[in-house]
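Quick notes on the structure that follows.
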Amino acid sequence: MIIIGLTGQSGAGKGAASDIFLRYGIPAVDTDAVYHRILSDPQGPCTAELADAFGSEILNADGTVDRKKLAQAVFGKPDTPALLHILNTVTHKYIMAETRKMLHGYELSGKRAAIIDAPQLFEARAEEECDLVVAILAPRELRLARIMERDGISIEAATRRIDAQHSDAFFRERCHAVLENNGNLTMLEEQIRGFLIKFNLGLS
């Protein structure tokens with residue numbers, strides 16, 4: 001089975017791209033969804049490690065992790081890069097363990113390819129497990145609007161999140177292909193079809 005890494009900045013539209021890939025028979029492991037499930041386990045080892053690293057104030061009353069409080073503990077700080085490194089070091093090993101289980105399930109079901117949808121693909125070194133890596137990029141203002149609507153946060157919080165992420169150039173230098181997403185899903189699908197044809201993934 002071919003493993004495709006799908007990455008890019010927050011708000012670029014990885015979910016929309018994954019939906020299109022699925023229509024062509026290529027499922028995705030959404031690592032953000034895996035992350036949210038892990039944080040929702042009050043008894044999980046990841047939850048315990050995060051509370052040790054960032055303090056029990058990031059926890060809800062039921063012992064699950066409050067993602068907004070966790071974000072506040074990491075972003076917009078003088079030492080945000082160091083804090084983000086701690087966050088990634090704690091969470092990535094748990095996310096990747098679950099991701100590998102899900103990919104194995106897709107392989108057993110006979111899928112010709114599957115996607116690791118991961119904004120932190122390179123930070124987790126998950127690109128080492130991929131045969132191909134594709135990035136999806138979008139204009140900054142469009143990403144800001146998407147993040148604010150999706151996560152219900154202020155423009156200041158969304159800006160801090162974007163500013164902590166890699167530039168377009170970072171992804172262009174490291175990926176086998178780049179998809180440009182300006183909000184036109186028809187154009188995005190055309191680019192994905194071109195990618196599938198180029199890499200012989202089921203279209204001709």
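Letters A, B, ... mark the chains of the structure tokens in the order given; residue numbers begin at 1 per chain; ligand numbers begin at 1, in order shown.
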If you take only C-alpha atoms and a cut-off of 6 Å, which residues of stretch 4-116 of chain A touch stretch 122-137 of chain A, and what are their nearest atom pairs and distances in Å to one decimal, in chain and number order, as a tab-separated table?
residue	atom	partner	partner_atom	distance
A:Ile4	CA	A:Leu132	CA	4.9
A:Gly5	CA	A:Val133	CA	4.4
A:Leu6	CA	A:Val134	CA	5.1
A:Thr7	CA	A:Ala135	CA	4.8
A:Gly8	CA	A:Ala135	CA	5.0
A:Ala12	CA	A:Leu137	CA	5.3
A:His92	CA	A:Ala124	CA	5.6
Exercise for review: Within 12 Å of A:Asp19, counting only C-alpha atoms, which residues show up once you throw out same-chain ones fewer than 4 positions away? Write them as a PyMOL selection string, please.
Suggested key: chain A and resi 13-15+23-30+115+117+185+188-189+192
Selection to disk with all heavy atoms, as a compact mmCIF listing (two decimals), in the first residue's frame:
# COMPACT_ATOMS: atom_id res chain seq x y z
N GLY A 13 -6.90 23.66 4.26
CA GLY A 13 -7.94 22.86 3.61
C GLY A 13 -7.59 21.40 3.44
O GLY A 13 -8.03 20.75 2.48
N LYS A 14 -6.83 20.84 4.39
CA LYS A 14 -6.47 19.42 4.29
C LYS A 14 -7.70 18.53 4.35
O LYS A 14 -7.76 17.50 3.70
CB LYS A 14 -5.47 19.06 5.39
CG LYS A 14 -4.09 19.69 5.20
CD LYS A 14 -3.12 19.31 6.30
CE LYS A 14 -3.51 19.91 7.64
NZ LYS A 14 -3.48 21.41 7.62
N GLY A 15 -8.69 18.94 5.14
CA GLY A 15 -9.91 18.14 5.23
C GLY A 15 -10.65 18.07 3.90
O GLY A 15 -11.12 17.00 3.50
N ARG A 23 -13.06 10.18 -2.43
CA ARG A 23 -13.94 9.90 -3.57
C ARG A 23 -13.23 9.08 -4.64
O ARG A 23 -13.88 8.41 -5.45
CB ARG A 23 -14.47 11.21 -4.17
CG ARG A 23 -15.41 11.96 -3.25
CD ARG A 23 -16.38 12.83 -4.04
NE ARG A 23 -15.74 13.91 -4.76
CZ ARG A 23 -15.51 15.13 -4.25
NH1 ARG A 23 -15.86 15.40 -3.01
NH2 ARG A 23 -14.94 16.05 -4.98
N TYR A 24 -11.92 9.13 -4.65
CA TYR A 24 -11.13 8.33 -5.59
C TYR A 24 -10.59 7.06 -4.93
O TYR A 24 -9.66 6.43 -5.43
CB TYR A 24 -9.98 9.18 -6.16
CG TYR A 24 -10.47 10.25 -7.10
CD1 TYR A 24 -10.69 11.55 -6.64
CD2 TYR A 24 -10.77 9.97 -8.44
CE1 TYR A 24 -11.16 12.55 -7.48
CE2 TYR A 24 -11.24 10.96 -9.29
CZ TYR A 24 -11.44 12.24 -8.81
OH TYR A 24 -11.93 13.22 -9.65
N GLY A 25 -11.17 6.69 -3.80
CA GLY A 25 -10.86 5.43 -3.16
C GLY A 25 -9.65 5.43 -2.26
O GLY A 25 -9.14 4.36 -1.91
N ILE A 26 -9.18 6.63 -1.86
CA ILE A 26 -8.00 6.72 -1.01
C ILE A 26 -8.40 7.33 0.33
O ILE A 26 -8.64 8.54 0.42
CB ILE A 26 -6.90 7.56 -1.69
CG1 ILE A 26 -6.50 6.91 -3.02
CG2 ILE A 26 -5.69 7.69 -0.76
CD1 ILE A 26 -5.47 7.71 -3.80
N PRO A 27 -8.50 6.51 1.38
CA PRO A 27 -8.93 7.02 2.70
C PRO A 27 -7.78 7.71 3.42
O PRO A 27 -6.61 7.57 3.06
CB PRO A 27 -9.35 5.74 3.43
CG PRO A 27 -8.43 4.70 2.86
CD PRO A 27 -8.24 5.06 1.41
N ALA A 28 -8.13 8.45 4.46
CA ALA A 28 -7.14 9.18 5.23
C ALA A 28 -7.27 8.89 6.71
O ALA A 28 -8.37 8.68 7.22
CB ALA A 28 -7.28 10.69 4.99
N VAL A 29 -6.14 8.93 7.39
CA VAL A 29 -6.11 8.98 8.85
C VAL A 29 -5.97 10.45 9.22
O VAL A 29 -4.96 11.08 8.90
CB VAL A 29 -4.95 8.18 9.43
CG1 VAL A 29 -4.92 8.33 10.96
CG2 VAL A 29 -5.04 6.72 9.04
N ASP A 30 -6.99 11.01 9.84
CA ASP A 30 -6.97 12.41 10.26
C ASP A 30 -6.27 12.48 11.61
O ASP A 30 -6.85 12.15 12.64
CB ASP A 30 -8.41 12.93 10.35
CG ASP A 30 -8.49 14.39 10.76
OD1 ASP A 30 -7.49 14.95 11.24
OD2 ASP A 30 -9.58 14.98 10.63
N ILE A 115 -3.80 7.87 3.22
CA ILE A 115 -3.21 9.17 3.53
C ILE A 115 -3.00 9.33 5.03
O ILE A 115 -3.86 8.93 5.83
CB ILE A 115 -4.13 10.31 3.03
CG1 ILE A 115 -4.08 10.38 1.50
CG2 ILE A 115 -3.77 11.66 3.64
CD1 ILE A 115 -5.14 11.28 0.90
N ASP A 117 -3.04 12.40 7.12
CA ASP A 117 -3.39 13.82 7.10
C ASP A 117 -2.83 14.43 8.37
O ASP A 117 -3.38 14.24 9.46
CB ASP A 117 -4.92 13.96 7.03
CG ASP A 117 -5.41 15.39 7.16
OD1 ASP A 117 -4.59 16.29 7.44
OD2 ASP A 117 -6.62 15.62 7.00
N LEU A 185 -13.17 24.43 -4.96
CA LEU A 185 -13.01 22.99 -4.81
C LEU A 185 -12.88 22.28 -6.15
O LEU A 185 -12.25 21.21 -6.23
CB LEU A 185 -14.17 22.41 -4.00
CG LEU A 185 -14.25 22.86 -2.54
CD1 LEU A 185 -15.42 22.20 -1.83
CD2 LEU A 185 -12.95 22.56 -1.80
N LEU A 188 -9.30 22.53 -6.95
CA LEU A 188 -8.56 21.65 -6.05
C LEU A 188 -8.66 20.21 -6.52
O LEU A 188 -7.66 19.47 -6.55
CB LEU A 188 -9.07 21.78 -4.62
CG LEU A 188 -8.39 20.92 -3.56
CD1 LEU A 188 -6.89 21.24 -3.48
CD2 LEU A 188 -9.04 21.12 -2.19
N GLU A 189 -9.85 19.79 -6.93
CA GLU A 189 -10.02 18.41 -7.42
C GLU A 189 -9.22 18.17 -8.69
O GLU A 189 -8.63 17.10 -8.87
CB GLU A 189 -11.50 18.10 -7.66
CG GLU A 189 -11.73 16.66 -8.12
CD GLU A 189 -13.17 16.21 -8.04
OE1 GLU A 189 -14.03 17.01 -7.63
OE2 GLU A 189 -13.43 15.03 -8.37
N ILE A 192 -5.75 17.46 -7.66
CA ILE A 192 -5.63 16.13 -7.06
C ILE A 192 -5.66 15.05 -8.15
O ILE A 192 -4.88 14.09 -8.10
CB ILE A 192 -6.72 15.91 -6.00
CG1 ILE A 192 -6.42 16.79 -4.78
CG2 ILE A 192 -6.84 14.44 -5.62
CD1 ILE A 192 -7.50 16.79 -3.72
Check your understanding: Can you list every residue in stretch 141-202 of chain A that DSSP puts in strand (DSSP E), as a list in words?
Key -> Ala177, Val178, Leu179 and Glu180 of chain A
Residues of the last selection are to be written out with C-alpha atoms, as a PDB file, in the first residue's frame.
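Result saved to out04.pdb:
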ATOM      1  CA  ALA A 177       3.742  17.942  -4.885  1.00  0.00           C
ATOM      2  CA  VAL A 178       1.913  21.099  -3.784  1.00  0.00           C
ATOM      3  CA  LEU A 179      -1.836  21.755  -4.050  1.00  0.00           C
ATOM      4  CA  GLU A 180      -2.999  25.386  -4.109  1.00  0.00           C
TER       5      GLU A 180
END
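Closest approach to A:Leu70 among A:Ile58, A:Leu108, A:Leu50, A:Ala157: A:Ile58, based on only C-alpha atoms.
Closest approach to A:Leu121 among A:Asp151, A:Gln72, A:His166, A:Ala16: A:His166, based on only C-alpha atoms.
Proximity of A:Ala118, A:Leu39, A:Ala138, A:Leu83 to A:Thr99, computed with only C-alpha atoms, is greatest for A:Ala118.
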Practice item. Name all residues at most 12 Å from A:Ala82 (count only C-alpha atoms; drop same-chain ones fewer than 6 positions away) and give them as a PyMOL selection string. Key: chain A and resi 53+73-76+88-89+164
Grab the residues selected above and save them as a short mmCIF file (atom, residue, chain, number, x, y, z; two decimals), in the first residue's frame with all heavy atoms.
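The result, written out as result_20.cif:
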data_model
loop_
_atom_site.label_atom_id
_atom_site.label_comp_id
_atom_site.auth_asym_id
_atom_site.auth_seq_id
_atom_site.Cartn_x
_atom_site.Cartn_y
_atom_site.Cartn_z
N ALA A 53 3.62 18.43 32.07
CA ALA A 53 4.42 19.42 31.34
C ALA A 53 3.86 20.83 31.45
O ALA A 53 4.61 21.80 31.56
CB ALA A 53 4.52 19.01 29.87
N ALA A 73 -1.55 27.88 26.84
CA ALA A 73 -0.31 27.60 27.58
C ALA A 73 0.90 27.51 26.65
O ALA A 73 2.04 27.59 27.13
CB ALA A 73 -0.45 26.29 28.35
N VAL A 74 0.64 27.38 25.35
CA VAL A 74 1.75 27.17 24.40
C VAL A 74 1.99 28.38 23.50
O VAL A 74 3.13 28.84 23.35
CB VAL A 74 1.47 25.92 23.52
CG1 VAL A 74 2.52 25.79 22.43
CG2 VAL A 74 1.42 24.67 24.38
N PHE A 75 0.91 28.91 22.91
CA PHE A 75 1.06 29.94 21.88
C PHE A 75 1.07 31.36 22.48
O PHE A 75 0.47 31.61 23.52
CB PHE A 75 -0.05 29.82 20.84
CG PHE A 75 0.02 28.54 20.06
CD1 PHE A 75 -0.86 27.50 20.34
CD2 PHE A 75 0.96 28.36 19.06
CE1 PHE A 75 -0.79 26.30 19.63
CE2 PHE A 75 1.03 27.17 18.35
CZ PHE A 75 0.16 26.15 18.63
N GLY A 76 1.75 32.26 21.77
CA GLY A 76 1.78 33.66 22.18
C GLY A 76 2.67 33.93 23.37
O GLY A 76 2.52 34.96 24.04
N ASN A 88 4.81 18.81 21.09
CA ASN A 88 4.96 17.85 20.00
C ASN A 88 5.66 16.58 20.47
O ASN A 88 5.28 15.46 20.08
CB ASN A 88 5.74 18.48 18.85
CG ASN A 88 4.96 19.57 18.14
OD1 ASN A 88 3.74 19.62 18.22
ND2 ASN A 88 5.66 20.44 17.46
N THR A 89 6.67 16.73 21.30
CA THR A 89 7.42 15.57 21.81
C THR A 89 6.50 14.64 22.59
O THR A 89 6.58 13.42 22.48
CB THR A 89 8.58 16.04 22.69
OG1 THR A 89 9.48 16.84 21.90
CG2 THR A 89 9.35 14.85 23.24
N ALA A 164 3.18 30.71 14.26
CA ALA A 164 4.02 29.65 14.86
C ALA A 164 4.28 28.52 13.88
O ALA A 164 5.02 27.59 14.21
CB ALA A 164 3.35 29.11 16.12
#
Review point. Pick from A:Ile197, A:Ile2, A:Ile162, A:Ile38: nearest to A:Pro139, with only C-alpha atoms counted?
Key: A:Ile162
Check your understanding: Can you list every residue in stretch 6-200 of chain A that DSSP puts in alpha helix (DSSP H), as a ChimeraX atom specification?
Key -> /A:14-23,31-39,45-54,67-74,80-108,140-151,155-163,168-174,185-198
